[in-house]
There are 4 protein chains.
Amino acid sequence: MMVINVGIIGATGHTGEVLIELLLNHPNVRISGLFNSGRGGGGPQIISDVFPKFKNRLDISCTKPDWAKIKKDCDLVFLALPHTVSMNFVPRLLSLGKKVIDLSADYRFANPSVYEKYYKVTHKDKANLKQAVYGLPELYRAKIKTARLLANPGCYPTSAILALAPLLAVELADKDSIVIDAKSGVSGAGKKVEKEFLFSEIQGDFRAYKVNAHQHAPEINQVLSKFSGKKLDVVFVPHLLPIERGILSTVYLKKKPGARLMAKNITELFRKFYKKEPFVRIKADGSFPRIRDVAKTNFCDIGVKDFGRTIIVISAIDNLLKGASAQAVQNMNIMYGLPEKTGLL
Amino acid sequence: MMVINVGIIGATGHTGEVLIELLLNHPNVRISGLFNSGRGGGGPQIISDVFPKFKNRLDISCTKPDWAKIKKDCDLVFLALPHTVSMNFVPRLLSLGKKVIDLSADYRFANPSVYEKYYKVTHKDKANLKQAVYGLPELYRAKIKTARLLANPGCYPTSAILALAPLLAVELADKDSIVIDAKSGVSGAGKKVEKEFLFSEIQGDFRAYKVNAHQHAPEINQVLSKFSGKKLDVVFVPHLLPIERGILSTVYLKKKPGARLMAKNITELFRKFYKKEPFVRIKADGSFPRIRDVAKTNFCDIGVKDFGRTIIVISAIDNLLKGASAQAVQNMNIMYGLPEKTGLL
Amino acid sequence: MMVINVGIIGATGHTGEVLIELLLNHPNVRISGLFNSGRGGGGPQIISDVFPKFKNRLDISCTKPDWAKIKKDCDLVFLALPHTVSMNFVPRLLSLGKKVIDLSADYRFANPSVYEKYYKVTHKDKANLKQAVYGLPELYRAKIKTARLLANPGCYPTSAILALAPLLAVELADKDSIVIDAKSGVSGAGKKVEKEFLFSEIQGDFRAYKVNAHQHAPEINQVLSKFSGKKLDVVFVPHLLPIERGILSTVYLKKKPGARLMAKNITELFRKFYKKEPFVRIKADGSFPRIRDVAKTNFCDIGVKDFGRTIIVISAIDNLLKGASAQAVQNMNIMYGLPEKTGLL
Amino acid sequence: MMVINVGIIGATGHTGEVLIELLLNHPNVRISGLFNSGRGGGGPQIISDVFPKFKNRLDISCTKPDWAKIKKDCDLVFLALPHTVSMNFVPRLLSLGKKVIDLSADYRFANPSVYEKYYKVTHKDKANLKQAVYGLPELYRAKIKTARLLANPGCYPTSAILALAPLLAVELADKDSIVIDAKSGVSGAGKKVEKEFLFSEIQGDFRAYKVNAHQHAPEINQVLSKFSGKKLDVVFVPHLLPIERGILSTVYLKKKPGARLMAKNITELFRKFYKKEPFVRIKADGSFPRIRDVAKTNFCDIGVKDFGRTIIVISAIDNLLKGASAQAVQNMNIMYGLPEKTGLL
């Protein structure tokens with residue numbers, strides 16, 4: 001049986017925690033090294049002291065990045081690091097011949113100036129941007145198979161792109177009419193210790209944030225523009241739900257005047273587009289998804305309905321899984337030729 | 001000091017409960033009679049047995065409607081009844097000379113065929129529709145002052161109409177582009193004992209429902225069409241939040257090509273429109289409201305921003321207060337010439 | 001009409017926020033000054049910028065403590081300050097002849113060494129400890145009437161003492177058998193920005209903390225020992241509920257062998273003990289309280305049942321109201337000879 | 001590789017749902033038949049229509065019990081049925097030579113009169129009570145290995161018994177002093193469509209129920225009395241938490257006068273007692289468990305501390321897993337000689 005020796009840099013963060021949970025259940029993975037970002041100071045920690053739920057399951061040490069160990073013990077390294085930190089590690093990992101799956105935004109943008117505008121730092125590794133593959137299997141499976149450096153998509157982009165791709169693949173939508181009203185659970189913000197994420201602020205509340213100014217908008221625009229061959233500029237408003245996990249995106253668009261649908265109905269169009277996908281499920285026509293059905297899974301559930309002038313698409317994912325760590329594992333499976341569902345179902 | 005003798009029919013429901021809470025704090029109100037709908041059978045109940053939180057505050061009896069008592073003891077009757085039930089009571093109350101504030105949808109539609117289509121019953125009191133006044137003080141204060149029959153607005157319409165009225169009052173918006181993405185706490189559904197409203201279904205979940213098919217859409221369209229003089233047909237998608245109270249509506253619309261704003265900015269337009277309103281608060285330009293700031297109050301907070309082609313307005317209310325019972329009290333204050341804030345601040 | 005000119009020091013904290021809300025509804029109170037603790041640096045702030053929900057209701061400035069203004073404008077000052085900070089203000093306020101209601105623990109302990117052990121600081125104002133009155137109206141109303149310095153009780157002690165006092169007033173309970181298993185919403189911790197109070201830590205969780213080591217245990221022991229004339233040492237375990245407001249305390253104790261109840265049943269004993277109390281409600285025998293019925297009120301609901309060898313008492317309060325700010329207002333009403341319910345019902 | 005052909009009767013209930021989720025991840029299980037209780041009428045249903053989250057994972061039909069299919073296709077049958085329903089199925093299943101794991105209370109009591117008192121029905125299968133094995137692996141592993149009929153423990157008893165067994169195994173505790181204050185998430189009530197389980201009732205609330213009168217008390221007493229050789233009669237008060245999953249039990253007991261601990265400390269006693277257990281984790285001395293660390297796992301976390309006269313033990317489990325379905329799978333693993341963690345870690 002194939003064994004992949006996996007290292008995680010950033011193992012003590014929230015994404016790292018979820019990733020460990022998934023990898024513990026993956027039959028082809030050996031967790032060979034856990035590392036923090038090396039920035040915090042402080043000595044090694046037993047990972048089950050950091051996350052007591054791993055007690056008796058994974059009681060190994062998490063240290064600062066140990067390059068000798070990485071070189072010797074790891075085939076693949078996941079970077080579960082904040083944006084702007086990953087690019088400090090990627091060049092050396094690639095030069096050691098390691099495969100890299102980066103869960104940050106650092107390698108998602110072909111054009112570094114877009115990244116620099118939204119993430120407000122200078123990109124320090126432009127040389128490797130070109131070989132980075134955007135890890136959305138439903139659109140880029142062929143490239144993922146041979147990727148050495150994989151840029152795992154953002155959570156909102158995953159939900160929005162999967163909702164829109166089937167419509168943009170045909171000449172149906174008025175590309176200037178797209179509105180994405182997205183709602184996410186708080187885990188999207190990791191575990192930042194800030195007043196706005198206290199229980200007493202979130203519980204019983206709901207609000208929009210970064211209204212039409214979120215850094216995931218350019219990511220959505222880049223991927224969908226490239227995919228459709230037309231320059232898109234979507235309206236994107238994220239909101240904060242008082243739940244832990246899940247994103248539901250409600251997408252509105254106008255049909256082009258005179259557009260004709262080449263399918264029994266619009267739901268059929270989506271079914272055909274995703275018919276071979278193991279992790280996309282299309283709801284019956286006129287039925288829409290909910291977060292509970294996808295929470296704790298790698299599925300993206302999608303419902304769509306044609307209201308004449310307007311089309312409404314709703315997609316739901318678990319932001320930490322299909323929107324982050326589980327999609328990363330799906331990508332790993334593809335990169336290693338494993339059945340795509342391995343460790344995920 | 002003026003004393004209004006108030007009766008409530010439907011006092012044992014959720015709206016009734018909230019209304020009692022408000023009226024207990026109103027210095028000019030004497031609660032003179034509590035009645036159920038008369039449909040359930042069962043004898044009188046002490047209201048504090050139904051709602052233990054009223055123990056030692058209001059321990060009077062709630063009986064089936066007692067017309068002799070209503071005639072003798074009540075000046076004004078609130079109908080806190082389900083849709084299609086209120087219209088059984090209104091004609092007799094009016095013939096007794098009582099003022100009526102109906103919290104159901106029965107008298108909200110000038111055109112009974114719209115009502116009949118969405119509420120799926122025949123309207124039994126078309127004669128009184130004409131004299132019913134739609135109780136949104138911000139648009140109809142003058143008429144409310146002399147109303148004998150007041151139709152209290154729906155919760156979603158309150159939030160949507162207040163968000164859109166200032167824009168429709170000027171020639172700024174493309175009226176065919178309006179999208180209202182609304183999110184409500186579960187109390188909007190009253191306390192229906194149905195599987196979908198169990199804690200184990202709502203907690204951790206989020207979903208759309210009645211997608212572009214909710215009965216509040218025609219209410220919004222009727223009021224805004226009449227107000228703007230143009231026939232509107234908004235896209236309206238409600239969602240269910242895992243919280244108890246509050247509605248946040250995110251409204252998207254396109255500017256008319258060549259439209260010119262006659263104010264410093266769009267926020268200024270809103271400030272001017274609502275400058276005399278005691279219960280509408282406009283956020284600073286580029287700042288948006290949240291549910292926590294309006295929960296348990298009669299306020300509607302609104303934020304708006306001009307993004308060039310697109311305008312985004314977000315409004316927040318407490319669906320049980322500004323969206324129902326407190327707005328009814330505000331209307332009562334207007335009908336009796338009391339300061340509008342009495343009992344509400 | 002009597003007008004009390006009130007100042008609040010610590011107005012920008014969570015207790016201050018709740019206190020302002022209450023005082024805005026109090027017909028005999030004029031809020032004459034809002035002050036922060038003076039420790040944070042930073043200039044004056046409009047209180048409705050700190051708490052947007054007060055916009056259009058209270059838009060006055062909150063500054064560092066302004067002694068000239070306090071001297072001139074305030075009759076009574078509430079201290080809504082952290083423990084160990086209040087005692088910096090009390091001596092000067094008393095010397096100016098102001099009445100003081102302190103919501104911290106600084107003046108709750110007759111014996112400063114107990115305070116110093118649990119709060120881990122030296123007490124700086126032992127001189128005034130003697131004149132401080134413990135503000136639990138149900139036990140100390142007479143003294144509260146003439147208090148100049150009132151020590152407002154802790155939240156857990158309020159719930160525990162009210163549950164136990166009727167039993168300790170008679171010779172029924174084995175004083176060594178008392179176990180208090182208390183559960184509190186997170187607002188008990190104020191709005192501390194710490195990892196453990198994040199939504200993602202609290203939601204879906206439940207845990208004990210400071211197991212039999214909480215600083216409210218000696219407060220309970222002091223008050224109940226003095227009240228019963230016997231030295232008590234209760235077992236007290238607080239737990240953290242994933243809700244915002246409310247404390248429910250489940251209290252277990254053994255009956256003394258041969259003890260005889262001088263009432264029809266134990267519920268009757270409680271009813272008699274609290275028969276004149278406006279804010280204590282006793283549930284029917286065998287029926288127990290819940291947090292929802294007391295949330296947002298100043299009530300303490302109590303249920304009790306005699307199980308033979310064992311007696312179980314359960315009490316419920318809103319920790320921020322009867323457990324803090326509303327009890328402070330109740331005390332103010334008593335101190336000024338106002339009807340005790342004023343502004344609270 | 002061993003394959004166990006498993007049938008589930010009661011597959012459309014909440015316990016059935018969780019059991020399916022677990023069995024889908026178990027490498028040695030083939031789900032050979034899904035059946036409802038046969039009582040509801042209605043035809044076969046695709047299980048993924050009942051539980052949309054299983055779409056594309058398990059799309060087989062759930063029918064009324066099909067005895068021919070059970071006989072032919074199933075080695076083991078799980079009964080995920082309400083109390084008093086399981087005993088209608090057990091005799092026939094045993095006579096067909098099937099192994100049975102019953103998740104209801106029907107076979108938990110050696111003495112049917114105790115069952116009949118608390119469950120308020122006549123026991124219809126007393127003959128098989130004798131061979132039923134109580135499926136708590138930590139106490140009865142040897143008997144479980146050869147069980148044909150396994151009575152899976154209740155959720156509260158699992159948490160309480162594991163907290164108390166190490167203390168009762170030695171002569172340390174005053175057996176008459178035991179108080180169990182237990183708190184459970186709402187999933188313990190399954191998905192009953194009753195007013196008290198609505199989101200609007202549970203959210204923000206906390207309350208005790210069946211105070212010292214819950215049907216799990218006699219189950220705890222039976223098991224611990226048999227285990228300790230002394231007749232126990234614990235005080236047991238369950239409470240309802242506003243969360244979905246998890247039980248935390250806080251257990252209080254007095255030490256016997258003069259009792260001597262034969263371990264470094266009481267935590268050490270627990271560690272030794274459970275040293276070979278794969279699913280019991282003992283916290284460091286003075287540290288206590290929380291629900292989040294055991295939610296979605298089969299672990300029972302326990303913390304204990306000796307306070308002199310009093311000992312406090314706190315245990316935490318996931319009520320649907322270690323308290324129900326995952327413990328059933330653990331039992332199945334033991335019955336079939338599989339490694340006990342299979343499919344559970």
# chains A, B, ... in the order shown; residues from 1 in each chain; ligands from 1
$ interface_residues --of "chain B" --to "chain C" --cutoff "12 Å" --atoms "only C-alpha atoms" --output "PyMOL selection string"
chain B and resi 21-27+48-58+200+203-204+243+275-284+287-301+316-317+341-345
$ select_by_dssp --residues "segment 3-108 of chain B" --states "alpha helix (DSSP H)" --output "number ranges by chain"
B: 14-24, 47-50, 67-73, 90-95
$ closest_residue --among "C:Cys155, C:Ala80, C:Ile266, C:Ala213" --to "Leu248 of chain C" --atoms "only C-alpha atoms"
C:Cys155
$ residues_around --residues "segment 130-137 of chain C" --least-positions-apart "6" --cutoff "7 Å" --atoms "only C-alpha atoms" --output "list in words"
Tyr107, Arg108, Ala110, Lys143, Ile144, Ala147, Leu149, Leu150, Ala151, Asn152, Pro153 and Asn331 of chain C
$ residues_around --residues "segment 68-73 of chain A" --least-positions-apart "4" --cutoff "9 Å" --atoms "only C-alpha atoms" --output "number ranges by chain"
A: 5-7, 32-33, 77, 93, 96-98
$ write_last_selection --atoms "N, CA, C and O atoms" --output "short mmCIF file (atom, residue, chain, number, x, y, z; two decimals), in the first residue's frame"
data_model
loop_
_atom_site.label_atom_id
_atom_site.label_comp_id
_atom_site.auth_asym_id
_atom_site.auth_seq_id
_atom_site.Cartn_x
_atom_site.Cartn_y
_atom_site.Cartn_z
N ASN A 5 4.53 10.20 3.18
CA ASN A 5 5.07 10.78 4.41
C ASN A 5 4.81 12.28 4.39
O ASN A 5 5.36 13.00 3.56
N VAL A 6 3.98 12.70 5.31
CA VAL A 6 3.46 14.06 5.26
C VAL A 6 4.01 14.90 6.41
O VAL A 6 4.06 14.44 7.55
N GLY A 7 4.40 16.11 6.09
CA GLY A 7 4.73 17.11 7.12
C GLY A 7 3.70 18.23 7.08
O GLY A 7 3.11 18.51 6.03
N SER A 32 4.61 12.55 9.43
CA SER A 32 6.04 12.38 9.71
C SER A 32 6.65 13.58 10.41
O SER A 32 7.76 13.49 10.91
N GLY A 33 5.95 14.68 10.40
CA GLY A 33 6.52 15.85 11.08
C GLY A 33 5.49 16.94 11.25
O GLY A 33 4.75 17.26 10.33
N VAL A 77 4.61 18.38 1.92
CA VAL A 77 4.43 19.28 3.06
C VAL A 77 3.19 20.15 2.84
O VAL A 77 3.03 20.78 1.79
N LEU A 93 11.38 24.40 0.16
CA LEU A 93 10.73 23.09 0.06
C LEU A 93 10.82 22.56 -1.36
O LEU A 93 11.13 21.38 -1.58
N LEU A 96 14.18 21.30 -2.25
CA LEU A 96 14.47 19.98 -1.66
C LEU A 96 13.70 18.88 -2.39
O LEU A 96 13.77 17.71 -2.03
N GLY A 97 12.93 19.28 -3.38
CA GLY A 97 12.19 18.27 -4.16
C GLY A 97 10.90 17.82 -3.52
O GLY A 97 10.32 16.80 -3.89
N LYS A 98 10.44 18.57 -2.51
CA LYS A 98 9.19 18.19 -1.84
C LYS A 98 7.99 18.71 -2.63
O LYS A 98 8.05 19.78 -3.24
#
$ select_by_dssp --residues "segment 47-293 of chain C" --states "strand (DSSP E)" --output "ChimeraX atom specification"
/C:61-63,76-79,99-102,132-134,149-151,179-184,207-208,235-240,247-254,280-282
$ atom_distance --atom1 "atom CA of His14 of chain C" --atom2 "atom CA of Val211 of chain C"
25.0 Å
$ residues_around --residues "Gly188 of chain A" --least-positions-apart "5" --cutoff "8 Å" --atoms "only C-alpha atoms" --output "JSON, numbers by chain"
{"A": [155, 245, 319, 320]}
$ write_last_selection --atoms "all heavy atoms" --output "short mmCIF file (atom, residue, chain, number, x, y, z; two decimals), in the first residue's frame"
data_model
loop_
_atom_site.label_atom_id
_atom_site.label_comp_id
_atom_site.auth_asym_id
_atom_site.auth_seq_id
_atom_site.Cartn_x
_atom_site.Cartn_y
_atom_site.Cartn_z
N CYS A 155 -12.07 29.67 0.74
CA CYS A 155 -13.37 29.06 1.03
C CYS A 155 -14.49 29.71 0.23
O CYS A 155 -15.27 29.01 -0.45
CB CYS A 155 -13.64 29.11 2.53
SG CYS A 155 -13.44 30.73 3.28
N ARG A 245 -19.22 26.30 11.46
CA ARG A 245 -18.76 25.79 10.18
C ARG A 245 -19.80 25.96 9.09
O ARG A 245 -20.98 25.68 9.31
CB ARG A 245 -18.50 24.30 10.29
CG ARG A 245 -17.24 23.96 10.97
CD ARG A 245 -17.26 22.51 11.35
NE ARG A 245 -15.91 22.13 11.68
CZ ARG A 245 -15.20 21.23 11.00
NH1 ARG A 245 -15.72 20.58 9.98
NH2 ARG A 245 -13.96 20.96 11.35
N ASN A 319 -16.71 25.27 5.19
CA ASN A 319 -15.59 26.15 4.85
C ASN A 319 -14.24 25.58 5.27
O ASN A 319 -13.22 25.86 4.66
CB ASN A 319 -15.78 27.54 5.48
CG ASN A 319 -15.93 27.48 6.98
OD1 ASN A 319 -16.72 26.67 7.49
ND2 ASN A 319 -15.20 28.29 7.70
N LEU A 320 -14.22 24.76 6.33
CA LEU A 320 -12.95 24.19 6.78
C LEU A 320 -12.57 22.93 6.00
O LEU A 320 -11.43 22.50 6.05
CB LEU A 320 -13.01 23.84 8.27
CG LEU A 320 -13.16 25.02 9.23
CD1 LEU A 320 -13.26 24.52 10.67
CD2 LEU A 320 -11.98 25.98 9.10
#
$ atom_distance --atom1 "atom CA of Ile46 of chain B" --atom2 "atom CA of Thr267 of chain C"
20.8 Å
$ atom_distance --atom1 "atom CA of Val179 of chain B" --atom2 "atom CA of Ala163 of chain B"
11.7 Å
$ residues_around --residues "segment 227-233 of chain B" --least-positions-apart "3" --cutoff "8 Å" --atoms "only C-alpha atoms" --output "list of chain:residue names"
B:Ala165, B:Leu168, B:Ala169, B:Lys175, B:Asp176, B:Asn221, B:Gln222, B:Val223, B:Leu224
$ write_last_selection --atoms "N, CA and C atoms" --output "PDB file, in the first residue's frame"
ATOM      1  N   ALA B 165     -36.863  52.949   0.151  1.00  0.00           N
ATOM      2  CA  ALA B 165     -37.669  54.147  -0.101  1.00  0.00           C
ATOM      3  C   ALA B 165     -36.853  55.390  -0.472  1.00  0.00           C
ATOM      4  N   LEU B 168     -35.860  55.172  -4.095  1.00  0.00           N
ATOM      5  CA  LEU B 168     -36.962  55.211  -5.056  1.00  0.00           C
ATOM      6  C   LEU B 168     -37.625  56.584  -5.073  1.00  0.00           C
ATOM      7  N   ALA B 169     -37.378  57.354  -4.022  1.00  0.00           N
ATOM      8  CA  ALA B 169     -37.940  58.704  -3.990  1.00  0.00           C
ATOM      9  C   ALA B 169     -37.243  59.613  -4.997  1.00  0.00           C
ATOM     10  N   LYS B 175     -35.062  50.265 -11.603  1.00  0.00           N
ATOM     11  CA  LYS B 175     -36.074  49.577 -10.804  1.00  0.00           C
ATOM     12  C   LYS B 175     -36.153  48.082 -11.107  1.00  0.00           C
ATOM     13  N   ASP B 176     -35.590  47.647 -12.233  1.00  0.00           N
ATOM     14  CA  ASP B 176     -35.642  46.218 -12.552  1.00  0.00           C
ATOM     15  C   ASP B 176     -34.466  45.433 -11.991  1.00  0.00           C
ATOM     16  N   ASN B 221     -43.620  44.779  -3.120  1.00  0.00           N
ATOM     17  CA  ASN B 221     -43.891  45.335  -4.450  1.00  0.00           C
ATOM     18  C   ASN B 221     -45.058  46.330  -4.430  1.00  0.00           C
ATOM     19  N   GLN B 222     -46.116  45.973  -3.689  1.00  0.00           N
ATOM     20  CA  GLN B 222     -47.276  46.870  -3.642  1.00  0.00           C
ATOM     21  C   GLN B 222     -46.899  48.222  -3.041  1.00  0.00           C
ATOM     22  N   VAL B 223     -46.249  48.186  -1.908  1.00  0.00           N
ATOM     23  CA  VAL B 223     -45.952  49.439  -1.211  1.00  0.00           C
ATOM     24  C   VAL B 223     -44.952  50.283  -1.992  1.00  0.00           C
ATOM     25  N   LEU B 224     -43.897  49.637  -2.490  1.00  0.00           N
ATOM     26  CA  LEU B 224     -42.878  50.422  -3.201  1.00  0.00           C
ATOM     27  C   LEU B 224     -43.359  50.885  -4.571  1.00  0.00           C
TER      28      LEU B 224
END
$ closest_residue --among "C:Ser184, C:Asn88, C:Ser225, C:Gln330" --to "Ser104 of chain C" --atoms "only C-alpha atoms"
C:Asn88
$ closest_residue --among "B:Cys62, B:Leu103, B:Ser113, B:Thr15" --to "Ala189 of chain B" --atoms "only C-alpha atoms"
B:Thr15
$ residues_around --residues "Lys183 of chain B" --least-positions-apart "6" --cutoff "8 Å" --atoms "only C-alpha atoms" --output "number ranges by chain"
B: 238-241, 247-249
$ decode --residues "segment 284-295 of chain D" --atoms "N, CA and C atoms" --output "PDB file, in the first residue's frame"
ATOM      1  N   ALA D 284      -5.004  15.361  33.685  1.00  0.00           N
ATOM      2  CA  ALA D 284      -4.011  15.600  34.727  1.00  0.00           C
ATOM      3  C   ALA D 284      -4.717  15.990  36.029  1.00  0.00           C
ATOM      4  N   ASP D 285      -4.105  15.682  37.159  1.00  0.00           N
ATOM      5  CA  ASP D 285      -4.725  15.944  38.460  1.00  0.00           C
ATOM      6  C   ASP D 285      -5.098  17.417  38.610  1.00  0.00           C
ATOM      7  N   GLY D 286      -6.349  17.670  38.921  1.00  0.00           N
ATOM      8  CA  GLY D 286      -6.792  19.052  39.091  1.00  0.00           C
ATOM      9  C   GLY D 286      -7.270  19.676  37.794  1.00  0.00           C
ATOM     10  N   SER D 287      -7.190  18.908  36.715  1.00  0.00           N
ATOM     11  CA  SER D 287      -7.677  19.392  35.424  1.00  0.00           C
ATOM     12  C   SER D 287      -8.947  18.615  35.093  1.00  0.00           C
ATOM     13  N   PHE D 288      -9.892  19.275  34.434  1.00  0.00           N
ATOM     14  CA  PHE D 288     -11.193  18.652  34.200  1.00  0.00           C
ATOM     15  C   PHE D 288     -11.560  18.685  32.724  1.00  0.00           C
ATOM     16  N   PRO D 289     -12.435  17.782  32.304  1.00  0.00           N
ATOM     17  CA  PRO D 289     -12.733  17.677  30.866  1.00  0.00           C
ATOM     18  C   PRO D 289     -13.747  18.709  30.401  1.00  0.00           C
ATOM     19  N   ARG D 290     -13.878  18.838  29.103  1.00  0.00           N
ATOM     20  CA  ARG D 290     -14.895  19.687  28.502  1.00  0.00           C
ATOM     21  C   ARG D 290     -15.542  18.902  27.352  1.00  0.00           C
ATOM     22  N   ILE D 291     -16.730  19.343  26.994  1.00  0.00           N
ATOM     23  CA  ILE D 291     -17.471  18.603  25.978  1.00  0.00           C
ATOM     24  C   ILE D 291     -16.797  18.668  24.618  1.00  0.00           C
ATOM     25  N   ARG D 292     -16.245  19.820  24.249  1.00  0.00           N
ATOM     26  CA  ARG D 292     -15.651  19.948  22.906  1.00  0.00           C
ATOM     27  C   ARG D 292     -14.582  18.916  22.611  1.00  0.00           C
ATOM     28  N   ASP D 293     -13.856  18.469  23.630  1.00  0.00           N
ATOM     29  CA  ASP D 293     -12.772  17.519  23.367  1.00  0.00           C
ATOM     30  C   ASP D 293     -13.273  16.102  23.086  1.00  0.00           C
ATOM     31  N   VAL D 294     -14.506  15.819  23.453  1.00  0.00           N
ATOM     32  CA  VAL D 294     -15.025  14.468  23.209  1.00  0.00           C
ATOM     33  C   VAL D 294     -16.134  14.444  22.148  1.00  0.00           C
ATOM     34  N   ALA D 295     -16.657  15.607  21.792  1.00  0.00           N
ATOM     35  CA  ALA D 295     -17.712  15.651  20.783  1.00  0.00           C
ATOM     36  C   ALA D 295     -17.209  15.012  19.493  1.00  0.00           C
TER      37      ALA D 295
END
